[in-house]
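What follows is coords32.csv (CSV, C-alpha atoms).
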```csv
chain,number,residue,atom,x,y,z
D,517,MET,CA,-57.0,161.1,81.0
D,518,LYS,CA,-56.0,157.5,80.1
D,519,ASN,CA,-53.8,158.9,77.3
D,520,ILE,CA,-52.1,161.2,79.8
D,521,TYR,CA,-51.7,158.2,82.2
D,522,LEU,CA,-50.0,156.1,79.5
D,523,ASN,CA,-47.7,159.0,78.4
D,524,ILE,CA,-46.6,159.7,81.9
D,525,MET,CA,-45.6,156.1,82.5
D,526,LEU,CA,-43.7,155.9,79.3
D,527,LEU,CA,-41.9,159.2,80.1
D,528,MET,CA,-41.0,157.9,83.5
D,529,ALA,CA,-39.5,154.8,81.9
D,530,ALA,CA,-37.7,156.8,79.3
D,531,VAL,CA,-36.1,159.0,82.0
D,532,ALA,CA,-35.0,155.8,83.9
D,533,PHE,CA,-33.4,154.4,80.7
D,534,THR,CA,-32.5,155.9,77.4
D,535,SER,CA,-31.1,153.7,74.6
D,536,CYS,CA,-29.0,156.5,73.1
D,537,ASP,CA,-26.3,155.8,75.8
D,538,ASP,CA,-25.7,152.4,74.4
D,539,ASN,CA,-22.7,151.5,72.3
D,540,LEU,CA,-24.6,149.3,69.9
D,541,SER,CA,-23.4,147.7,66.7
D,542,ASP,CA,-25.6,146.4,63.8
D,543,GLU,CA,-26.5,142.8,64.2
D,544,GLN,CA,-28.5,140.5,61.9
D,545,GLU,CA,-31.5,138.5,63.1
D,546,GLN,CA,-30.6,135.0,63.9
D,547,PRO,CA,-32.9,132.6,62.0
D,548,GLY,CA,-35.0,130.5,64.4
D,549,ALA,CA,-34.1,132.5,67.5
D,550,PRO,CA,-37.0,131.4,69.7
D,551,TYR,CA,-37.7,134.5,71.9
D,552,VAL,CA,-39.7,137.4,70.5
D,553,LEU,CA,-39.9,140.8,72.2
D,554,SER,CA,-41.6,144.0,71.2
D,555,LEU,CA,-39.2,146.8,72.1
D,556,GLY,CA,-41.0,150.1,72.8
D,557,VAL,CA,-38.9,153.1,72.2
D,558,THR,CA,-40.3,156.5,73.2
D,559,SER,CA,-38.7,159.7,71.9
D,560,ASN,CA,-40.1,163.3,71.9
D,561,GLY,CA,-43.5,162.0,73.0
D,562,ASN,CA,-43.8,159.4,70.2
D,563,THR,CA,-43.5,155.6,70.6
D,564,THR,CA,-42.3,153.2,68.0
D,565,TYR,CA,-42.3,149.4,68.5
D,566,TYR,CA,-39.7,147.0,67.1
D,567,VAL,CA,-40.5,143.3,67.1
D,568,VAL,CA,-37.3,141.4,67.4
D,569,SER,CA,-36.1,137.9,68.2
D,570,THR,CA,-33.2,136.6,70.2
D,571,ALA,CA,-31.7,133.3,71.3
D,572,ASP,CA,-30.2,134.6,74.5
D,573,LEU,CA,-32.2,136.2,77.3
D,574,MET,CA,-29.5,136.0,80.0
D,575,SER,CA,-26.4,137.8,78.6
D,576,GLY,CA,-25.5,140.7,76.3
D,577,THR,CA,-27.9,143.4,75.1
D,578,ILE,CA,-31.1,142.9,73.2
D,579,ASN,CA,-31.7,145.7,70.7
D,580,ALA,CA,-33.3,146.6,67.4
D,581,VAL,CA,-30.3,148.1,65.6
D,582,GLY,CA,-30.4,147.0,62.0
D,583,LYS,CA,-33.2,144.6,62.5
D,584,GLY,CA,-36.8,144.1,63.7
D,585,ILE,CA,-40.3,144.8,62.4
D,586,GLU,CA,-41.1,148.4,63.0
D,587,GLN,CA,-44.6,149.4,64.1
D,588,THR,CA,-45.8,152.9,64.8
D,589,GLY,CA,-48.8,153.9,67.0
D,590,TYR,CA,-50.1,152.3,70.1
D,591,HIS,CA,-50.0,148.5,70.2
D,592,ASP,CA,-50.6,145.6,72.6
D,593,TYR,CA,-49.4,142.0,71.9
D,594,GLN,CA,-50.9,138.6,72.6
D,595,GLN,CA,-49.9,135.1,71.4
D,596,GLY,CA,-52.2,132.7,69.7
D,597,SER,CA,-51.0,129.4,68.3
D,598,ASN,CA,-47.8,130.1,66.3
D,599,SER,CA,-48.6,133.8,65.8
D,600,VAL,CA,-48.1,136.9,67.9
D,601,PHE,CA,-51.0,139.2,67.4
D,602,CYS,CA,-50.2,142.9,67.3
D,603,ILE,CA,-53.3,144.7,68.5
D,604,GLY,CA,-53.8,148.3,67.8
D,605,GLY,CA,-55.5,150.8,70.1
D,606,MET,CA,-55.9,154.5,70.9
D,607,GLY,CA,-56.4,155.4,67.3
D,608,VAL,CA,-54.8,152.3,65.7
D,609,THR,CA,-57.7,150.2,64.4
D,610,ASN,CA,-55.9,147.2,62.9
D,611,ALA,CA,-54.4,143.9,64.1
D,612,THR,CA,-51.6,141.9,62.3
D,613,ALA,CA,-49.9,138.6,63.0
D,614,VAL,CA,-46.2,138.2,63.4
D,615,VAL,CA,-45.1,134.7,62.4
D,616,ARG,CA,-41.9,132.8,61.6
D,617,GLY,CA,-41.2,132.5,57.9
D,618,ALA,CA,-39.7,129.6,56.0
D,619,ASP,CA,-36.3,131.3,56.4
D,620,GLY,CA,-36.7,131.3,60.2
D,621,LEU,CA,-37.0,135.0,60.5
D,622,LEU,CA,-40.0,137.0,61.7
D,623,LYS,CA,-42.5,138.5,59.3
D,624,GLU,CA,-45.9,140.2,59.4
D,625,GLN,CA,-48.7,138.1,57.9
D,626,GLY,CA,-52.4,139.1,57.5
D,627,GLU,CA,-54.3,142.0,58.9
D,628,PHE,CA,-57.8,142.7,60.0
D,629,VAL,CA,-59.4,146.1,60.7
D,630,PHE,CA,-62.0,146.9,63.3
D,631,ASP,CA,-64.2,150.0,63.8
D,632,SER,CA,-62.7,151.4,67.1
D,633,SER,CA,-60.4,149.1,69.2
D,634,LEU,CA,-60.3,145.4,69.9
D,635,ASP,CA,-61.2,145.0,73.6
D,636,GLY,CA,-60.7,141.3,74.0
D,637,LEU,CA,-58.9,138.4,72.3
D,638,CYS,CA,-58.7,134.8,73.3
D,639,GLN,CA,-57.8,131.4,71.8
D,640,VAL,CA,-60.5,128.8,71.6
D,641,ASP,CA,-58.6,126.0,69.8
D,642,ALA,CA,-55.3,125.4,68.0
D,643,ASN,CA,-56.4,127.3,65.0
D,644,THR,CA,-59.0,129.9,66.1
D,645,MET,CA,-59.1,133.1,68.1
D,646,VAL,CA,-62.1,135.1,69.1
D,647,GLY,CA,-62.0,138.9,69.3
D,648,LEU,CA,-64.4,141.3,71.0
D,649,GLU,CA,-65.0,144.9,70.1
D,650,LEU,CA,-67.1,147.2,72.3
D,651,PRO,CA,-68.3,150.7,71.2
D,652,ALA,CA,-66.3,153.4,73.0
D,653,THR,CA,-69.4,155.0,74.5
D,654,LYS,CA,-73.2,154.5,74.6
D,655,GLN,CA,-73.6,157.2,72.0
D,656,SER,CA,-71.3,155.4,69.6
D,657,GLY,CA,-73.1,152.1,69.4
D,658,GLN,CA,-75.3,149.5,71.2
D,659,GLN,CA,-74.0,146.3,69.7
D,660,LEU,CA,-71.0,144.1,70.6
D,661,THR,CA,-68.9,142.8,67.7
D,662,PHE,CA,-67.4,139.3,67.9
D,663,TYR,CA,-64.7,138.3,65.4
D,664,THR,CA,-63.7,134.7,64.6
D,665,VAL,CA,-60.0,134.9,63.5
D,666,ASP,CA,-57.6,132.4,62.0
D,667,ALA,CA,-54.9,132.0,64.6
D,668,ASN,CA,-52.2,131.5,61.9
D,669,SER,CA,-53.1,134.0,59.2
D,670,ALA,CA,-55.0,136.7,61.1
D,671,ALA,CA,-57.8,136.4,58.5
D,672,ILE,CA,-61.3,137.1,59.7
D,673,LEU,CA,-63.4,133.9,59.5
D,674,GLY,CA,-66.6,135.4,60.8
D,675,LYS,CA,-68.2,138.5,62.3
D,676,ASN,CA,-71.2,138.7,64.6
D,677,THR,CA,-72.9,142.0,65.4
D,678,THR,CA,-76.2,140.7,66.8
D,679,VAL,CA,-75.4,140.9,70.5
D,680,SER,CA,-76.5,143.9,72.4
D,681,VAL,CA,-74.3,145.5,75.0
D,682,ASP,CA,-77.4,146.1,77.2
D,683,SER,CA,-76.8,143.1,79.5
D,684,ILE,CA,-73.4,144.5,80.7
D,685,SER,CA,-74.1,148.3,80.7
D,686,THR,CA,-76.9,148.6,83.3
D,687,LEU,CA,-74.7,150.4,85.8
D,688,ASP,CA,-72.2,152.2,83.7
D,689,TRP,CA,-70.3,151.7,80.4
D,690,PRO,CA,-68.2,148.4,80.6
D,691,SER,CA,-64.4,148.5,80.4
D,692,ILE,CA,-63.3,145.0,79.3
D,693,THR,CA,-60.6,143.5,81.5
D,694,GLY,CA,-60.3,139.9,80.4
D,695,MET,CA,-61.6,137.2,78.1
D,696,GLN,CA,-61.3,133.4,78.2
D,697,TYR,CA,-62.8,130.4,76.5
D,698,SER,CA,-63.8,127.3,78.5
D,699,GLY,CA,-66.2,124.4,78.0
D,700,GLY,CA,-68.2,125.9,75.1
D,701,ASN,CA,-68.5,129.4,76.6
D,702,LEU,CA,-66.7,132.7,76.3
D,703,TYR,CA,-66.2,134.5,79.6
D,704,VAL,CA,-65.7,138.3,79.8
D,705,THR,CA,-64.7,140.3,82.8
D,706,TYR,CA,-65.3,144.0,83.0
D,707,THR,CA,-65.6,146.9,85.3
D,708,PRO,CA,-68.3,149.5,85.0
D,709,MET,CA,-66.4,152.8,84.3
D,710,ASN,CA,-67.7,156.2,83.3
D,711,PRO,CA,-66.2,156.7,79.8
D,712,LEU,CA,-65.9,160.5,80.2
D,713,THR,CA,-64.6,160.9,83.8
D,714,PHE,CA,-63.2,157.3,84.2
D,715,GLU,CA,-64.7,157.1,87.7
D,716,THR,CA,-65.5,153.6,89.0
D,717,ALA,CA,-68.6,154.0,91.2
D,718,TYR,CA,-69.5,150.3,91.3
D,719,THR,CA,-66.8,148.3,93.0
D,720,ASP,CA,-68.9,146.1,95.3
D,721,THR,CA,-69.6,143.3,92.8
D,722,CYS,CA,-67.6,141.0,90.4
D,723,PHE,CA,-69.2,140.7,87.0
D,724,VAL,CA,-68.5,138.0,84.4
D,725,ALA,CA,-70.5,138.0,81.2
D,726,VAL,CA,-71.0,134.6,79.6
D,727,TYR,CA,-71.5,134.1,75.8
D,728,SER,CA,-71.9,130.9,73.9
D,729,TYR,CA,-69.5,129.7,71.3
D,730,PRO,CA,-69.5,129.5,68.3
D,731,ASP,CA,-72.8,131.3,68.0
D,732,MET,CA,-71.8,134.2,70.3
D,733,GLN,CA,-75.1,134.6,72.1
D,734,PHE,CA,-75.5,136.1,75.6
D,735,VAL,CA,-76.0,133.3,78.1
D,736,THR,CA,-76.0,134.9,81.6
D,737,LEU,CA,-74.3,137.6,83.7
D,738,MET,CA,-72.5,136.0,86.7
D,739,LYS,CA,-72.3,138.2,89.8
D,740,SER,CA,-70.5,137.8,93.2
D,741,SER,CA,-70.5,140.3,96.1
D,742,GLN,CA,-67.5,138.6,97.7
D,743,MET,CA,-65.1,140.9,95.7
D,744,GLY,CA,-65.1,143.8,93.3
D,745,PRO,CA,-64.8,143.8,89.5
D,746,GLY,CA,-62.3,141.5,87.9
D,747,GLY,CA,-59.1,143.0,86.5
D,748,SER,CA,-58.3,146.6,85.7
D,749,TRP,CA,-58.4,149.0,82.8
D,750,ASN,CA,-56.2,148.1,79.8
D,751,ALA,CA,-54.2,145.4,81.7
D,752,PHE,CA,-56.3,142.4,80.5
D,753,ASN,CA,-55.7,140.8,83.9
D,754,GLY,CA,-59.2,139.8,84.9
D,755,MET,CA,-58.8,136.0,84.4
D,756,VAL,CA,-56.3,133.1,84.0
D,757,LYS,CA,-57.1,129.6,82.9
D,758,ASP,CA,-55.5,126.4,84.3
D,759,GLU,CA,-54.7,123.1,82.7
D,760,SER,CA,-58.2,121.7,83.4
D,761,ASP,CA,-59.9,124.8,81.8
D,762,ASN,CA,-61.0,126.1,85.2
D,763,ILE,CA,-60.9,129.9,85.3
D,764,TYR,CA,-59.6,132.1,88.2
D,765,VAL,CA,-61.0,135.6,88.3
D,766,MET,CA,-58.7,138.2,90.0
D,767,SER,CA,-60.0,141.5,91.5
D,768,ASN,CA,-57.8,144.2,92.9
D,769,SER,CA,-59.9,147.4,92.8
D,770,ALA,CA,-56.6,149.1,93.1
D,771,LEU,CA,-56.3,152.9,92.9
D,772,SER,CA,-52.8,152.5,91.4
D,773,ASN,CA,-54.4,150.5,88.5
D,774,GLY,CA,-57.0,153.1,87.7
D,775,TYR,CA,-59.9,152.6,90.2
D,776,SER,CA,-61.3,155.7,91.8
D,777,GLN,CA,-62.4,153.8,94.9
D,778,SER,CA,-61.8,150.4,96.5
D,779,THR,CA,-64.6,148.9,98.6
D,780,LYS,CA,-63.8,145.2,98.7
D,781,HIS,CA,-60.7,143.2,99.4
D,782,ALA,CA,-58.4,142.1,96.5
D,783,ALA,CA,-59.3,138.5,96.0
D,784,PHE,CA,-59.8,135.5,93.6
D,785,LEU,CA,-62.8,133.5,92.6
D,786,ARG,CA,-63.0,130.3,90.5
D,787,ILE,CA,-65.3,129.2,87.7
D,788,ASN,CA,-65.1,125.5,87.0
D,789,LYS,CA,-64.9,124.4,83.3
D,790,GLY,CA,-68.0,125.5,81.4
D,791,ALA,CA,-69.9,126.6,84.5
D,792,THR,CA,-72.2,129.6,84.6
D,793,GLN,CA,-71.9,130.1,88.4
D,794,PHE,CA,-68.9,130.8,90.6
D,795,ASP,CA,-67.5,127.9,92.5
D,796,ALA,CA,-69.3,128.2,95.9
D,797,ASP,CA,-66.5,126.4,97.6
D,798,TYR,CA,-63.7,128.7,96.5
D,799,TYR,CA,-62.7,132.2,97.7
D,800,PHE,CA,-59.2,133.5,98.2
D,801,ASP,CA,-58.9,136.8,100.1
D,802,PHE,CA,-55.5,137.9,98.8
D,803,GLU,CA,-55.6,141.1,100.8
D,804,ALA,CA,-56.1,139.3,104.1
D,805,ALA,CA,-53.4,136.8,103.3
D,806,THR,CA,-50.8,139.6,102.6
D,807,GLY,CA,-51.7,142.2,105.2
D,808,GLY,CA,-53.4,144.6,102.8
D,809,LEU,CA,-51.6,144.2,99.5
D,810,LYS,CA,-53.1,144.1,96.0
D,811,PRO,CA,-52.0,142.2,92.9
D,812,ALA,CA,-51.5,144.4,89.9
D,813,HIS,CA,-50.5,142.0,87.0
D,814,ILE,CA,-50.7,138.2,86.8
D,815,THR,CA,-49.8,135.4,84.4
D,816,TYR,CA,-50.5,131.7,84.8
D,817,ILE,CA,-47.4,129.5,85.2
D,818,GLY,CA,-48.9,126.1,85.7
D,819,ASP,CA,-49.9,123.7,88.5
D,820,GLY,CA,-52.5,126.2,89.9
D,821,LYS,CA,-49.9,129.0,90.3
D,822,VAL,CA,-49.6,132.5,88.9
D,823,PHE,CA,-46.6,134.8,88.7
D,824,ALA,CA,-47.6,138.3,89.8
D,825,GLU,CA,-46.5,141.9,90.3
D,826,VAL,CA,-48.0,143.0,93.6
D,827,SER,CA,-48.3,146.6,94.8
D,828,THR,CA,-46.3,147.3,97.9
D,829,LEU,CA,-48.3,150.5,98.5
D,830,ASN,CA,-50.3,150.0,101.7
D,831,PRO,CA,-52.6,151.7,101.9
D,832,GLN,CA,-53.1,153.1,98.4
D,833,THR,CA,-54.3,156.7,98.3
D,834,ALA,CA,-55.9,159.0,95.8
D,835,ALA,CA,-52.4,160.3,94.9
D,836,ASP,CA,-51.5,156.8,93.7
D,837,ARG,CA,-54.2,156.6,91.2
D,838,TRP,CA,-53.0,155.3,87.8
D,839,GLY,CA,-49.5,155.0,89.3
D,840,ASP,CA,-48.8,151.3,88.7
D,841,LYS,CA,-45.7,151.7,90.8
D,842,SER,CA,-43.7,150.2,93.7
D,843,LEU,CA,-44.3,146.6,92.6
D,844,LYS,CA,-42.7,143.4,94.0
D,845,CYS,CA,-42.9,140.0,92.4
D,846,CYS,CA,-44.7,137.0,94.0
D,847,ILE,CA,-45.7,133.4,93.1
D,848,ILE,CA,-49.3,132.9,94.1
D,849,ASP,CA,-50.5,129.4,94.7
D,850,LEU,CA,-54.2,129.7,93.9
D,851,VAL,CA,-55.1,126.2,95.0
D,852,ASN,CA,-53.4,126.2,98.4
D,853,LYS,CA,-53.8,130.0,98.9
D,854,ILE,CA,-50.2,130.7,99.6
D,855,VAL,CA,-48.2,133.8,98.5
D,856,THR,CA,-44.4,133.6,98.2
D,857,ASP,CA,-42.2,136.6,97.6
D,858,VAL,CA,-39.6,136.3,94.8
D,859,GLU,CA,-36.0,137.0,95.9
D,860,GLY,CA,-33.7,138.9,93.6
D,861,ILE,CA,-36.1,141.2,91.7
D,862,PRO,CA,-36.0,144.8,93.0
D,863,VAL,CA,-39.2,146.8,93.7
D,864,HIS,CA,-40.0,148.5,90.5
D,865,ASN,CA,-42.6,150.4,88.4
D,866,GLY,CA,-44.9,148.7,85.9
D,867,ASN,CA,-45.6,149.5,82.3
D,868,GLY,CA,-48.5,151.9,83.0
D,869,GLY,CA,-51.2,149.3,83.6
D,870,ARG,CA,-51.0,147.7,80.2
D,871,ARG,CA,-50.7,143.9,79.5
D,872,PHE,CA,-48.2,142.0,81.5
D,873,ALA,CA,-45.1,141.5,79.3
D,874,CYS,CA,-43.9,138.3,81.0
D,875,LEU,CA,-42.7,135.0,79.5
D,876,VAL,CA,-43.2,131.6,81.0
D,877,ASP,CA,-40.8,129.0,79.6
D,878,GLY,CA,-40.8,125.6,81.3
D,879,SER,CA,-39.9,126.1,85.0
D,880,SER,CA,-38.7,129.7,84.5
D,881,VAL,CA,-40.4,133.0,84.3
D,882,TYR,CA,-38.7,135.9,82.5
D,883,LEU,CA,-39.7,139.5,83.3
D,884,PRO,CA,-38.3,142.8,82.0
D,885,VAL,CA,-37.7,145.1,84.9
D,886,SER,CA,-36.7,148.8,84.8
D,887,THR,CA,-33.9,149.5,87.3
D,888,ALA,CA,-31.8,152.5,88.2
D,889,ASP,CA,-29.1,151.4,85.7
D,890,GLY,CA,-31.3,150.2,82.8
D,891,LEU,CA,-33.9,147.8,81.7
D,892,TYR,CA,-33.0,144.2,82.4
D,893,ILE,CA,-34.5,140.7,82.1
D,894,TYR,CA,-34.9,138.8,85.3
D,895,ARG,CA,-35.3,135.0,85.3
D,896,THR,CA,-37.2,133.4,88.2
D,897,ASP,CA,-36.9,129.8,89.0
D,898,VAL,CA,-40.4,128.8,90.0
D,899,ALA,CA,-39.4,126.0,92.3
D,900,THR,CA,-37.1,128.2,94.5
D,901,ALA,CA,-38.8,131.6,93.9
D,902,ARG,CA,-35.3,133.1,93.3
D,903,ALA,CA,-34.4,135.4,90.4
D,904,GLN,CA,-31.2,136.2,88.5
D,905,ARG,CA,-30.6,139.2,86.4
D,906,GLY,CA,-29.9,138.6,82.7
D,907,ALA,CA,-29.7,140.5,79.4
D,908,ARG,CA,-29.9,144.3,79.2
D,909,ILE,CA,-32.6,145.6,76.8
D,910,SER,CA,-32.1,148.7,74.7
D,911,ALA,CA,-35.6,150.1,74.9
D,912,THR,CA,-37.9,152.3,77.0
D,913,PHE,CA,-40.2,149.4,77.8
D,914,ILE,CA,-41.3,146.0,76.6
D,915,GLY,CA,-44.8,145.8,74.9
D,916,GLY,CA,-44.8,142.0,74.5
D,917,PHE,CA,-42.7,139.0,75.3
D,918,PHE,CA,-43.1,135.5,73.8
D,919,LYS,CA,-41.6,132.2,72.6
D,920,LEU,CA,-42.4,131.4,69.0
```

Written as structure tokens, that's how I'd like the structure from this file.
Amino acid sequence: MKNIYLNIMLLMAAVAFTSCDDNLSDEQEQPGAPYVLSLGVTSNGNTTYYVVSTADLMSGTINAVGKGIEQTGYHDYQQGSNSVFCIGGMGVTNATAVVRGADGLLKEQGEFVFDSSLDGLCQVDANTMVGLELPATKQSGQQLTFYTVDANSAAILGKNTTVSVDSISTLDWPSITGMQYSGGNLYVTYTPMNPLTFETAYTDTCFVAVYSYPDMQFVTLMKSSQMGPGGSWNAFNGMVKDESDNIYVMSNSALSNGYSQSTKHAAFLRINKGATQFDADYYFDFEAATGGLKPAHITYIGDGKVFAEVSTLNPQTAADRWGDKSLKCCIIDLVNKIVTDVEGIPVHNGNGGRRFACLVDGSSVYLPVSTADGLYIYRTDVATARAQRGARISATFIGGFFKL
């Protein structure tokens, strides 16, 4: 079902934009070009990724003609230190790091292989990442696997398989939706989801599992009945961390992001640095503040604010399940609980519920948006919440977007 969902969303994007219409000429990579994008190109049901760099996000066309690192199979992307981790999934069981070589060009460096798929990855310090692997079903294993990974080389530094999944599988099998490090602890959000039917029967509680670092032992399971589970399947959108290492947990329980039911308002909770209980003085009912809307994807932009794609479907119905569509952009002030619409970005469809390919660079946010006349980058000025359309992208969708 989830494979069908992803393929449908990629096909919709391909229909909206096909790169074969472009009049493109071969171009060489520019050494030191700071912006890195993974261009997903889908043709005849198959997707190939091209990791490319560019110095200009606001004019011309960004393409992979004659350049780029080619990657086949399903991938997600996440930055750690000066590396972009290319994380395999849906049959791809390896992760590599893309770094900048001595010549200023991008290159792949290092690789580590896991048994099924890497469900979580977060940075704990300047040089270290921690990955989490969960068995696909109860029948396929009972132990979590934690990897300690060099953030620069992608080399595995350590592997821990001593932690049981039992503490987070009492209701149904957990689907990991986010992972963050703060104050000596690893925090993991998940939603209980039937691995065969993908039904979500338990949406009345937010769960955050806490593990110690560096020994990776289970500490406690945090629960709150103020909102539903944090994040949504495959979007890795359960948590963001601020400059003080406080964590904000987002719940949408949105049908359009894969939930089979929604029983609590979309909302945010806070975990103060290193704490093992939710902040009793903080609760932000996002749905009440917006008249019934639900955030789909979020990224932290600084000063207690997140940039978000928010579903305009109100209400969401069973027909909208897995849709990830009809999204507008907002800036959400989590501290003051204020939601501001971004002007200049059209209502659009998402990338099928996957990770949010959005770049924060100083006071600007860059977001690839699929429009009726192609895929374009939109730059939002955070201070004014106004956006301007920039470069065209010759791809079906963007898998990852970074500054390296």

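Across the model, the gap from CA of Val735 (chain D) to CA of Asp795 (chain D) is 17.6 Å.
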
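Among the candidates D:Gly839, D:Gly818, D:Gly915, D:Gly674, the one nearest to Ser880 (chain D) when counting only C-alpha atoms is D:Gly818.
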
For Phe918 (chain D), the closest of D:Thr577, D:Thr570, D:Ser769, D:Ser559 counting all atoms listed in the file is D:Thr570

With 8 Å as the cut-off and all atoms listed in the file counted, what is the closest atom pair between each nearby residue of region 820-844 of chain D and region 849-852 of chain D? Distances in Å to one decimal, ordered by chain and number, as JSON lines.
```
{"residue": "D:Gly820", "atom": "CA", "partner": "D:Leu850", "partner_atom": "CA", "distance": 5.6}
{"residue": "D:Lys821", "atom": "CA", "partner": "D:Asp849", "partner_atom": "CA", "distance": 4.5}
{"residue": "D:Val822", "atom": "CA", "partner": "D:Asp849", "partner_atom": "CA", "distance": 6.6}
```

Put those residues in a file: C-alpha atoms, as a PDB file, keeping the file's coordinate frame.
```pdb
ATOM      1  CA  GLY D 820     -52.500 126.200  89.900  1.00  0.00           C
ATOM      2  CA  LYS D 821     -49.900 129.000  90.300  1.00  0.00           C
ATOM      3  CA  VAL D 822     -49.600 132.500  88.900  1.00  0.00           C
TER       4      VAL D 822
END
```

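Among D:Gln742, D:Lys780, D:Leu622, D:Gln696, the residue with the shortest atom-to-atom distance to Gly548 (chain D), counting all atoms listed in the file, is D:Leu622.
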
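Proximity to region 646-660 of chain D at 8 Å, evaluated using all atoms listed in the file and with sequence-adjacent residues fewer than 6 positions away removed, yields Phe630, Ser632, Ser633, Leu634, Asp635, Gly636, Leu637, Cys638, Gln639, Val640, Thr677, Thr678, Val679, Ser680, Val681, Asp682, Trp689 and Pro711 of chain D.
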
For the contact check between region 719-745 of chain D and region 797-814 of chain D, emit one row per residue of region 719-745 of chain D within 12 Å, containing the shortest atom pair and the distance in Å rounded to one decimal, counting only C-alpha atoms, chain then rising number order, as CSV.
```
residue,atom,partner,partner_atom,distance
D:Ser740,CA,D:Tyr799,CA,10.6
D:Ser741,CA,D:Tyr799,CA,11.4
D:Gln742,CA,D:Tyr799,CA,8.0
D:Met743,CA,D:Asp801,CA,8.6
D:Gly744,CA,D:Asp801,CA,11.6
```

Writer output for current selection, C-alpha atoms, as an mmCIF file, keeping the file's coordinate frame:
```
data_model
loop_
_atom_site.group_PDB
_atom_site.id
_atom_site.type_symbol
_atom_site.label_atom_id
_atom_site.label_comp_id
_atom_site.auth_asym_id
_atom_site.auth_seq_id
_atom_site.Cartn_x
_atom_site.Cartn_y
_atom_site.Cartn_z
ATOM 1 C CA SER D 740 -70.500 137.800 93.200
ATOM 2 C CA SER D 741 -70.500 140.300 96.100
ATOM 3 C CA GLN D 742 -67.500 138.600 97.700
ATOM 4 C CA MET D 743 -65.100 140.900 95.700
ATOM 5 C CA GLY D 744 -65.100 143.800 93.300
#
```

Could you write region 872-886 of chain D as a short mmCIF file (atom, residue, chain, number, x, y, z; two decimals), in the frame of the given file, with N, CA and C atoms rebuilt where they are missing?
```cif
data_model
loop_
_atom_site.label_atom_id
_atom_site.label_comp_id
_atom_site.auth_asym_id
_atom_site.auth_seq_id
_atom_site.Cartn_x
_atom_site.Cartn_y
_atom_site.Cartn_z
N PHE D 872 -49.35 142.44 80.79
CA PHE D 872 -48.20 142.00 81.50
C PHE D 872 -47.21 141.33 80.52
N ALA D 873 -46.08 142.00 80.24
CA ALA D 873 -45.10 141.50 79.30
C ALA D 873 -44.16 140.53 80.09
N CYS D 874 -44.58 139.28 80.17
CA CYS D 874 -43.90 138.30 81.00
C CYS D 874 -43.94 136.96 80.27
N LEU D 875 -42.82 136.24 80.23
CA LEU D 875 -42.70 135.00 79.50
C LEU D 875 -42.54 133.82 80.45
N VAL D 876 -43.38 132.81 80.31
CA VAL D 876 -43.20 131.60 81.00
C VAL D 876 -42.64 130.53 80.09
N ASP D 877 -41.49 129.98 80.45
CA ASP D 877 -40.80 129.00 79.60
C ASP D 877 -40.35 127.85 80.48
N GLY D 878 -41.12 126.78 80.47
CA GLY D 878 -40.80 125.60 81.30
C GLY D 878 -40.94 126.02 82.80
N SER D 879 -39.88 125.80 83.56
CA SER D 879 -39.90 126.10 85.00
C SER D 879 -39.36 127.47 85.32
N SER D 880 -39.20 128.31 84.28
CA SER D 880 -38.70 129.70 84.50
C SER D 880 -39.65 130.72 84.02
N VAL D 881 -39.60 131.87 84.68
CA VAL D 881 -40.40 133.00 84.30
C VAL D 881 -39.42 134.17 84.01
N TYR D 882 -39.57 134.80 82.85
CA TYR D 882 -38.70 135.90 82.50
C TYR D 882 -39.50 137.20 82.48
N LEU D 883 -38.98 138.21 83.18
CA LEU D 883 -39.70 139.50 83.30
C LEU D 883 -38.74 140.64 83.09
N PRO D 884 -39.05 141.54 82.16
CA PRO D 884 -38.30 142.80 82.00
C PRO D 884 -38.58 143.73 83.16
N VAL D 885 -37.54 144.26 83.78
CA VAL D 885 -37.70 145.10 84.90
C VAL D 885 -36.85 146.39 84.71
N SER D 886 -37.47 147.56 84.89
CA SER D 886 -36.70 148.80 84.80
C SER D 886 -36.06 149.13 86.10
#
```
